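Enquirer: I'd like to ask some things about the structure below.
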Amino acid sequence: MQTNTLTTRIQVLSHQNTVFYELIKPVVRQDFEQLAKVHHVGQKFRATSRWDQFIAILMSQFSCRQSLRDIQSNLECQQEKLSHLGAKSIPRSTLARINEQQPAALYQQLFYKLLKYYEHSKVAHKFRFKNPLYSLDASHIDLSLSLCEWAKVHDSKASMKLSIGLNHSNDIPEFVAVENGKENDMVQGRKFQFPAGSIVVFDKGYVDYQWYANLTAQNIGFVTRFRPKSVYQVIQQHPVLESKGILKDETIQLNSAHALKRKAPVLRRIEYRDQQSGKHFSFLSNNFHLAASTIAAIYKDRWKVELFFKAIKQNLKLKAFLGRSRNAIQTQIWIAMIAYLLVSFAQHLGKTGWTVQRLLRIIQVNLFERRTLKALFSPDKIPIKQEEAQMSFLL
């Protein structure tokens, strides 16, 4: 009796897919191959494919492999489980060559295709208003100056810049750009096409009076910090609730020559004192409908985008790179963004309050285990029967 039950359990385990397989289910192989045909240069592959490249680098992101040799060794050890993914081990020299020569644009397009498939995953953010809320920010991805001279920012630093428009409804980056580290944050910030009616929150690095006018004309609200030395005229003062930390609520016109030339719109200036720390803040917005305390709370919630950058830098492979060229590094960054996206999609299977960062850490040590994501992220605390414990010992 025990022998038959044990045999059944072994058969179930042998046919159960791995955690890695479960994670990449949203990636439709047919769609991937169509994109691979579009983004291919040179002769056809003989013994490998872009899918093998994708699986290899995605695996390295989830399991924190540190080098091409490390990736190859890990893939060779997991060859049987890779066959269920339709992939095979790829020699490190071949992987290096594909990273250098084949366009990273494939993974940029794949990221946005996956994003479209999961638009329904949005939920209501914590504020009462129904407008979509985004945080806009950029962060440097540090590179070795001696190895990546083309990415030089100044005499002692080289980097790429990752610009993000993070949706607060699901903590997923809906707008992403990877460009030179020397580029000003505003270059990509202006290009992101936020939907009409949304609210975008950003720091003082995105001061551009003409952009403020464009956002207002497109019915896009914004919240940012007010620069202390800005020249302005108070048009109207509004009642305030000092009990909520609001010191001033004013309608202003930026009237410096620079602002007037760029047709800066009439804006709202709010002075706020944080009741816990006692610090004073001054905010600028083109939204006149929300309460002043809500404007302050929106800017405070911008911390989500900082947590996003912290999560990807600590848990994905964005410190050691597999190549030196711009294309190889962009390939690795875009696949890291896809990895974050796939874990975000699976987040609803985890326990309430579990962050993507925590899930990434769990995945790292269970990537090739034969378990479902639901079982991995929500383990049931069911006591093991004595009979099952004996069988486990025998196994």
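Convention: chains lettered A, B, ... in structure tokens order; per-chain residue numbering from 1; ligands numbered from 1 as shown.
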Residues near segment 227-235 of chain A, anyone? I mean within 12 Å using only C-alpha atoms, not counting same-chain ones fewer than 6 positions away, as a PyMOL selection string.

Expert: chain A and resi 203-209+248-260+264-271+280-284

Enquirer: Mind running segment 142-259 of chain A against segment 99-119 of chain A at 12 Å and telling me each contacting residue's nearest atom pair with the distance in Å (one decimal), counting only C-alpha atoms, chain and number ascending, as JSON lines?

Expert:
```
{"residue": "A:Asn167", "atom": "CA", "partner": "A:Glu119", "partner_atom": "CA", "distance": 11.0}
{"residue": "A:Ser169", "atom": "CA", "partner": "A:Glu119", "partner_atom": "CA", "distance": 10.7}
{"residue": "A:Asn170", "atom": "CA", "partner": "A:Glu119", "partner_atom": "CA", "distance": 9.8}
{"residue": "A:Ile172", "atom": "CA", "partner": "A:Leu115", "partner_atom": "CA", "distance": 8.9}
{"residue": "A:Pro173", "atom": "CA", "partner": "A:Leu115", "partner_atom": "CA", "distance": 9.0}
{"residue": "A:Glu174", "atom": "CA", "partner": "A:Leu115", "partner_atom": "CA", "distance": 7.2}
{"residue": "A:Phe175", "atom": "CA", "partner": "A:Tyr112", "partner_atom": "CA", "distance": 8.8}
{"residue": "A:Val176", "atom": "CA", "partner": "A:Gln108", "partner_atom": "CA", "distance": 8.9}
{"residue": "A:Ala177", "atom": "CA", "partner": "A:Gln108", "partner_atom": "CA", "distance": 9.0}
{"residue": "A:Val178", "atom": "CA", "partner": "A:Gln108", "partner_atom": "CA", "distance": 9.5}
```

Enquirer: So that I can see what lies close to Trp150 of chain A, please list as a PyMOL selection string the residues with an atom at most 10 Å from it, counting only C-alpha atoms and leaving out residues fewer than 6 positions away in the same chain.

Expert: chain A and resi 158-159+180+324-326

Enquirer: Enter the distance from atom CA of Ile220 of chain A to atom CA of Ser163 of chain A, in Å, rounded to one decimal.

Expert: 19.0 Å

Enquirer: Given the choices A:Asn214, A:Ser60, A:Ser146, A:Gln188, which gets closest to Lys317 of chain A if the distance is worked out from only C-alpha atoms?

Expert: A:Ser60

Enquirer: Excluding Ala124 of chain A and its own-chain neighbours fewer than 6 positions away, which residues fall within 10 Å of it when counting only C-alpha atoms? Please give them as a PDB file with all heavy atoms, in the first residue's frame.

Expert:
```
ATOM      1  N   LYS A 130     -10.144  58.669  -8.759  1.00  0.00           N
ATOM      2  CA  LYS A 130     -10.043  57.549  -9.695  1.00  0.00           C
ATOM      3  C   LYS A 130      -9.035  57.785 -10.814  1.00  0.00           C
ATOM      4  O   LYS A 130      -8.835  56.902 -11.649  1.00  0.00           O
ATOM      5  CB  LYS A 130     -11.428  57.257 -10.294  1.00  0.00           C
ATOM      6  CG  LYS A 130     -12.448  56.793  -9.260  1.00  0.00           C
ATOM      7  CD  LYS A 130     -13.778  56.455  -9.908  1.00  0.00           C
ATOM      8  CE  LYS A 130     -14.784  55.984  -8.871  1.00  0.00           C
ATOM      9  NZ  LYS A 130     -16.104  55.645  -9.497  1.00  0.00           N
ATOM     10  N   ASN A 131      -8.420  58.948 -10.833  1.00  0.00           N
ATOM     11  CA  ASN A 131      -7.437  59.232 -11.879  1.00  0.00           C
ATOM     12  C   ASN A 131      -6.243  58.282 -11.769  1.00  0.00           C
ATOM     13  O   ASN A 131      -5.764  58.015 -10.667  1.00  0.00           O
ATOM     14  CB  ASN A 131      -6.919  60.667 -11.749  1.00  0.00           C
ATOM     15  CG  ASN A 131      -8.039  61.689 -11.690  1.00  0.00           C
ATOM     16  OD1 ASN A 131      -8.804  61.695 -10.728  1.00  0.00           O
ATOM     17  ND2 ASN A 131      -8.129  62.546 -12.676  1.00  0.00           N
ATOM     18  N   PRO A 132      -5.733  57.769 -12.880  1.00  0.00           N
ATOM     19  CA  PRO A 132      -4.507  56.967 -12.831  1.00  0.00           C
ATOM     20  C   PRO A 132      -3.365  57.799 -12.251  1.00  0.00           C
ATOM     21  O   PRO A 132      -3.240  58.989 -12.556  1.00  0.00           O
ATOM     22  CB  PRO A 132      -4.246  56.613 -14.306  1.00  0.00           C
ATOM     23  CG  PRO A 132      -5.577  56.768 -14.976  1.00  0.00           C
ATOM     24  CD  PRO A 132      -6.281  57.865 -14.247  1.00  0.00           C
ATOM     25  N   LEU A 133      -2.544  57.183 -11.425  1.00  0.00           N
ATOM     26  CA  LEU A 133      -1.447  57.889 -10.757  1.00  0.00           C
ATOM     27  C   LEU A 133      -0.115  57.241 -11.133  1.00  0.00           C
ATOM     28  O   LEU A 133       0.046  56.028 -11.033  1.00  0.00           O
ATOM     29  CB  LEU A 133      -1.643  57.844  -9.238  1.00  0.00           C
ATOM     30  CG  LEU A 133      -0.570  58.519  -8.374  1.00  0.00           C
ATOM     31  CD1 LEU A 133      -0.461  60.001  -8.695  1.00  0.00           C
ATOM     32  CD2 LEU A 133      -0.873  58.314  -6.888  1.00  0.00           C
ATOM     33  N   HIS A 168       0.883  53.425  -9.982  1.00  0.00           N
ATOM     34  CA  HIS A 168       0.658  53.141  -8.566  1.00  0.00           C
ATOM     35  C   HIS A 168      -0.443  52.110  -8.340  1.00  0.00           C
ATOM     36  O   HIS A 168      -0.589  51.613  -7.226  1.00  0.00           O
ATOM     37  CB  HIS A 168       0.302  54.435  -7.821  1.00  0.00           C
ATOM     38  CG  HIS A 168       1.473  55.331  -7.588  1.00  0.00           C
ATOM     39  ND1 HIS A 168       1.768  55.889  -6.364  1.00  0.00           N
ATOM     40  CD2 HIS A 168       2.450  55.757  -8.424  1.00  0.00           C
ATOM     41  CE1 HIS A 168       2.861  56.631  -6.462  1.00  0.00           C
ATOM     42  NE2 HIS A 168       3.294  56.568  -7.709  1.00  0.00           N
ATOM     43  N   SER A 169      -1.219  51.800  -9.368  1.00  0.00           N
ATOM     44  CA  SER A 169      -2.298  50.823  -9.201  1.00  0.00           C
ATOM     45  C   SER A 169      -1.769  49.414  -9.025  1.00  0.00           C
ATOM     46  O   SER A 169      -2.365  48.597  -8.332  1.00  0.00           O
ATOM     47  CB  SER A 169      -3.254  50.876 -10.398  1.00  0.00           C
ATOM     48  OG  SER A 169      -3.900  52.125 -10.460  1.00  0.00           O
ATOM     49  N   ASN A 170      -0.647  49.105  -9.706  1.00  0.00           N
ATOM     50  CA  ASN A 170      -0.109  47.741  -9.611  1.00  0.00           C
ATOM     51  C   ASN A 170       1.406  47.720  -9.435  1.00  0.00           C
ATOM     52  O   ASN A 170       2.008  46.645  -9.488  1.00  0.00           O
ATOM     53  CB  ASN A 170      -0.493  46.937 -10.856  1.00  0.00           C
ATOM     54  CG  ASN A 170      -0.229  47.711 -12.140  1.00  0.00           C
ATOM     55  OD1 ASN A 170       0.565  48.651 -12.148  1.00  0.00           O
ATOM     56  ND2 ASN A 170      -0.880  47.312 -13.213  1.00  0.00           N
TER      57      ASN A 170
END
```

Enquirer: Which residues, written as JSON, numbers by chain, have at least one atom at most 10 Å from Tyr299 of chain A, with only C-alpha atoms counted and residues fewer than 3 positions away on the same chain left out?

Expert: {"A": [135, 200, 201, 202, 203, 222, 223, 224, 225, 283, 294, 295, 296, 302, 303]}

Enquirer: Print the selection's residues with C-alpha atoms to a file, as a tab-separated table (two decimals), in the first residue's frame.

Expert:
```tsv
chain	number	residue	atom	x	y	z
A	135	SER	CA	5.56	58.29	-10.51
A	200	VAL	CA	2.09	62.32	-12.62
A	201	VAL	CA	4.33	62.93	-9.61
A	202	PHE	CA	8.06	63.71	-9.99
A	203	ASP	CA	10.91	65.45	-8.18
A	222	PHE	CA	1.19	66.78	-12.00
A	223	VAL	CA	2.63	67.15	-8.51
A	224	THR	CA	6.23	68.15	-7.86
A	225	ARG	CA	8.46	70.04	-5.44
A	283	PHE	CA	4.69	71.58	-3.59
A	294	THR	CA	-4.08	64.96	-0.76
A	295	ILE	CA	-1.52	66.75	-2.94
A	296	ALA	CA	1.02	66.36	-0.13
A	302	ARG	CA	6.27	58.86	-4.88
A	303	TRP	CA	8.47	56.76	-2.61
```

Enquirer: So which residues touch Arg92 of chain A within 8 Å, counting only C-alpha atoms, skipping near sequence neighbours fewer than 4 positions away, as number ranges by chain?

Expert: A: 68-69, 71-72, 96

Enquirer: Next, the residues of the selection above should be written as a PDB file, in the first residue's frame with N, CA and C atoms.

Expert:
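Final output, part-v3.pdb:
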```pdb
ATOM      1  N   LEU A  68      29.222  34.489 -17.777  1.00  0.00           N
ATOM      2  CA  LEU A  68      28.826  33.624 -18.890  1.00  0.00           C
ATOM      3  C   LEU A  68      29.139  32.163 -18.570  1.00  0.00           C
ATOM      4  N   ARG A  69      30.285  31.924 -17.964  1.00  0.00           N
ATOM      5  CA  ARG A  69      30.657  30.551 -17.591  1.00  0.00           C
ATOM      6  C   ARG A  69      29.680  29.997 -16.552  1.00  0.00           C
ATOM      7  N   ILE A  71      26.554  30.879 -16.148  1.00  0.00           N
ATOM      8  CA  ILE A  71      25.275  30.612 -16.819  1.00  0.00           C
ATOM      9  C   ILE A  71      25.333  29.287 -17.563  1.00  0.00           C
ATOM     10  N   GLN A  72      26.399  29.070 -18.329  1.00  0.00           N
ATOM     11  CA  GLN A  72      26.528  27.837 -19.100  1.00  0.00           C
ATOM     12  C   GLN A  72      26.528  26.610 -18.189  1.00  0.00           C
ATOM     13  N   ALA A  96      27.642  35.207 -25.778  1.00  0.00           N
ATOM     14  CA  ALA A  96      28.324  36.506 -25.836  1.00  0.00           C
ATOM     15  C   ALA A  96      28.185  37.130 -27.216  1.00  0.00           C
TER      16      ALA A  96
END
```

Enquirer: May I ask for the distance between atom CA of Gln332 of chain A and atom CA of Tyr21 of chain A, given in Å to one decimal place?

Expert: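 Calculated distance between atom CA of Gln332 of chain A and atom CA of Tyr21 of chain A is 20.0 Å.
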
Enquirer: Just the residues within 10 Å of Ile362 of chain A, please, counting only C-alpha atoms, with nothing from its chain fewer than 6 positions along; format it as a VMD selection string.

Expert: chain A and resid 62 356 376 to 377

Enquirer: Give the strand (DSSP E) residues of segment 130-171 of chain A, as DSSP finds them on the backbone, and put them as a list in words.

Expert: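 Of segment 130-171 of chain A, the ones in strand (DSSP E) are Leu133, Tyr134, Ser135, Leu136, Asp137, Ala138, Ser139, His140, Ile141, Asp142, Leu143, Lys152, Val153, His154, Lys157, Ala158, Ser159, Met160, Lys161, Leu162, Ser163, Ile164, Gly165, Leu166 and Asn167 of chain A.
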
Enquirer: Limited to N, CA, C and O atoms, could you put the picked residues into a file as a short mmCIF file (atom, residue, chain, number, x, y, z; two decimals), in the first residue's frame?

Expert:
```cif
data_model
loop_
_atom_site.label_atom_id
_atom_site.label_comp_id
_atom_site.auth_asym_id
_atom_site.auth_seq_id
_atom_site.Cartn_x
_atom_site.Cartn_y
_atom_site.Cartn_z
N LEU A 133 -2.54 57.18 -11.42
CA LEU A 133 -1.45 57.89 -10.76
C LEU A 133 -0.12 57.24 -11.13
O LEU A 133 0.05 56.03 -11.03
N TYR A 134 0.82 58.07 -11.58
CA TYR A 134 2.14 57.60 -12.00
C TYR A 134 3.24 58.34 -11.25
O TYR A 134 3.09 59.53 -10.94
N SER A 135 4.34 57.65 -10.99
CA SER A 135 5.56 58.29 -10.51
C SER A 135 6.59 58.25 -11.62
O SER A 135 6.82 57.19 -12.22
N LEU A 136 7.20 59.39 -11.89
CA LEU A 136 8.22 59.49 -12.93
C LEU A 136 9.57 59.73 -12.28
O LEU A 136 9.72 60.64 -11.46
N ASP A 137 10.55 58.90 -12.63
CA ASP A 137 11.88 59.08 -12.06
C ASP A 137 12.89 58.34 -12.95
O ASP A 137 12.52 57.55 -13.82
N ALA A 138 14.17 58.61 -12.70
CA ALA A 138 15.25 57.96 -13.45
C ALA A 138 16.37 57.60 -12.48
O ALA A 138 16.56 58.25 -11.45
N SER A 139 17.11 56.54 -12.82
CA SER A 139 18.21 56.10 -11.96
C SER A 139 19.35 55.61 -12.84
O SER A 139 19.14 55.04 -13.92
N HIS A 140 20.57 55.83 -12.36
CA HIS A 140 21.76 55.40 -13.10
C HIS A 140 22.02 53.92 -12.87
O HIS A 140 21.92 53.42 -11.74
N ILE A 141 22.37 53.20 -13.93
CA ILE A 141 22.87 51.83 -13.85
C ILE A 141 24.38 51.93 -14.05
O ILE A 141 24.85 52.19 -15.15
N ASP A 142 25.13 51.75 -12.98
CA ASP A 142 26.57 51.98 -13.04
C ASP A 142 27.29 50.92 -13.87
O ASP A 142 26.98 49.73 -13.80
N LEU A 143 28.26 51.40 -14.66
CA LEU A 143 29.09 50.53 -15.50
C LEU A 143 30.55 50.79 -15.20
O LEU A 143 30.91 51.79 -14.56
N LYS A 152 30.69 56.90 -20.88
CA LYS A 152 31.31 57.84 -19.95
C LYS A 152 30.39 59.01 -19.64
O LYS A 152 29.85 59.66 -20.53
N VAL A 153 30.19 59.28 -18.35
CA VAL A 153 29.39 60.41 -17.89
C VAL A 153 30.31 61.57 -17.52
O VAL A 153 30.08 62.71 -17.89
N HIS A 154 31.35 61.25 -16.74
CA HIS A 154 32.42 62.21 -16.47
C HIS A 154 33.70 61.43 -16.23
O HIS A 154 33.76 60.21 -16.50
N LYS A 157 33.17 58.19 -13.96
CA LYS A 157 31.94 57.40 -13.94
C LYS A 157 31.43 57.10 -15.35
O LYS A 157 31.52 57.94 -16.25
N ALA A 158 30.88 55.90 -15.49
CA ALA A 158 30.18 55.50 -16.71
C ALA A 158 28.86 54.87 -16.30
O ALA A 158 28.79 54.16 -15.28
N SER A 159 27.80 55.11 -17.05
CA SER A 159 26.50 54.56 -16.66
C SER A 159 25.50 54.64 -17.81
O SER A 159 25.69 55.37 -18.78
N MET A 160 24.45 53.84 -17.67
CA MET A 160 23.24 53.98 -18.48
C MET A 160 22.17 54.54 -17.56
O MET A 160 22.27 54.41 -16.32
N LYS A 161 21.15 55.16 -18.14
CA LYS A 161 20.08 55.74 -17.33
C LYS A 161 18.77 55.02 -17.62
O LYS A 161 18.36 54.90 -18.77
N LEU A 162 18.15 54.54 -16.55
CA LEU A 162 16.86 53.85 -16.65
C LEU A 162 15.77 54.80 -16.20
O LEU A 162 15.71 55.19 -15.03
N SER A 163 14.90 55.22 -17.14
CA SER A 163 13.78 56.11 -16.82
C SER A 163 12.51 55.30 -16.71
O SER A 163 12.25 54.40 -17.53
N ILE A 164 11.69 55.62 -15.70
CA ILE A 164 10.52 54.80 -15.36
C ILE A 164 9.30 55.69 -15.13
O ILE A 164 9.38 56.72 -14.49
N GLY A 165 8.15 55.24 -15.67
CA GLY A 165 6.85 55.79 -15.30
C GLY A 165 6.08 54.69 -14.61
O GLY A 165 5.54 53.78 -15.28
N LEU A 166 6.05 54.70 -13.26
CA LEU A 166 5.49 53.60 -12.47
C LEU A 166 4.02 53.85 -12.18
O LEU A 166 3.65 54.89 -11.63
N ASN A 167 3.17 52.87 -12.51
CA ASN A 167 1.75 52.96 -12.22
C ASN A 167 1.51 52.55 -10.76
O ASN A 167 1.87 51.45 -10.35
#
```

Enquirer: Which residue out of A:Ser83, A:Ser198, A:Gln237, A:Gln364 has the minimum interatomic distance to Thr216 of chain A when only C-alpha atoms are used?

Expert: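 For Thr216 of chain A, the nearest of the candidates is A:Ser198.
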
Enquirer: From the set A:Leu145, A:Leu247, A:Ile333, A:Leu322, which residue has the shortest atom-to-atom contact distance to Ser93 of chain A, counting only C-alpha atoms?

Expert: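 Selected residue with least distance to Ser93 of chain A: A:Leu322.
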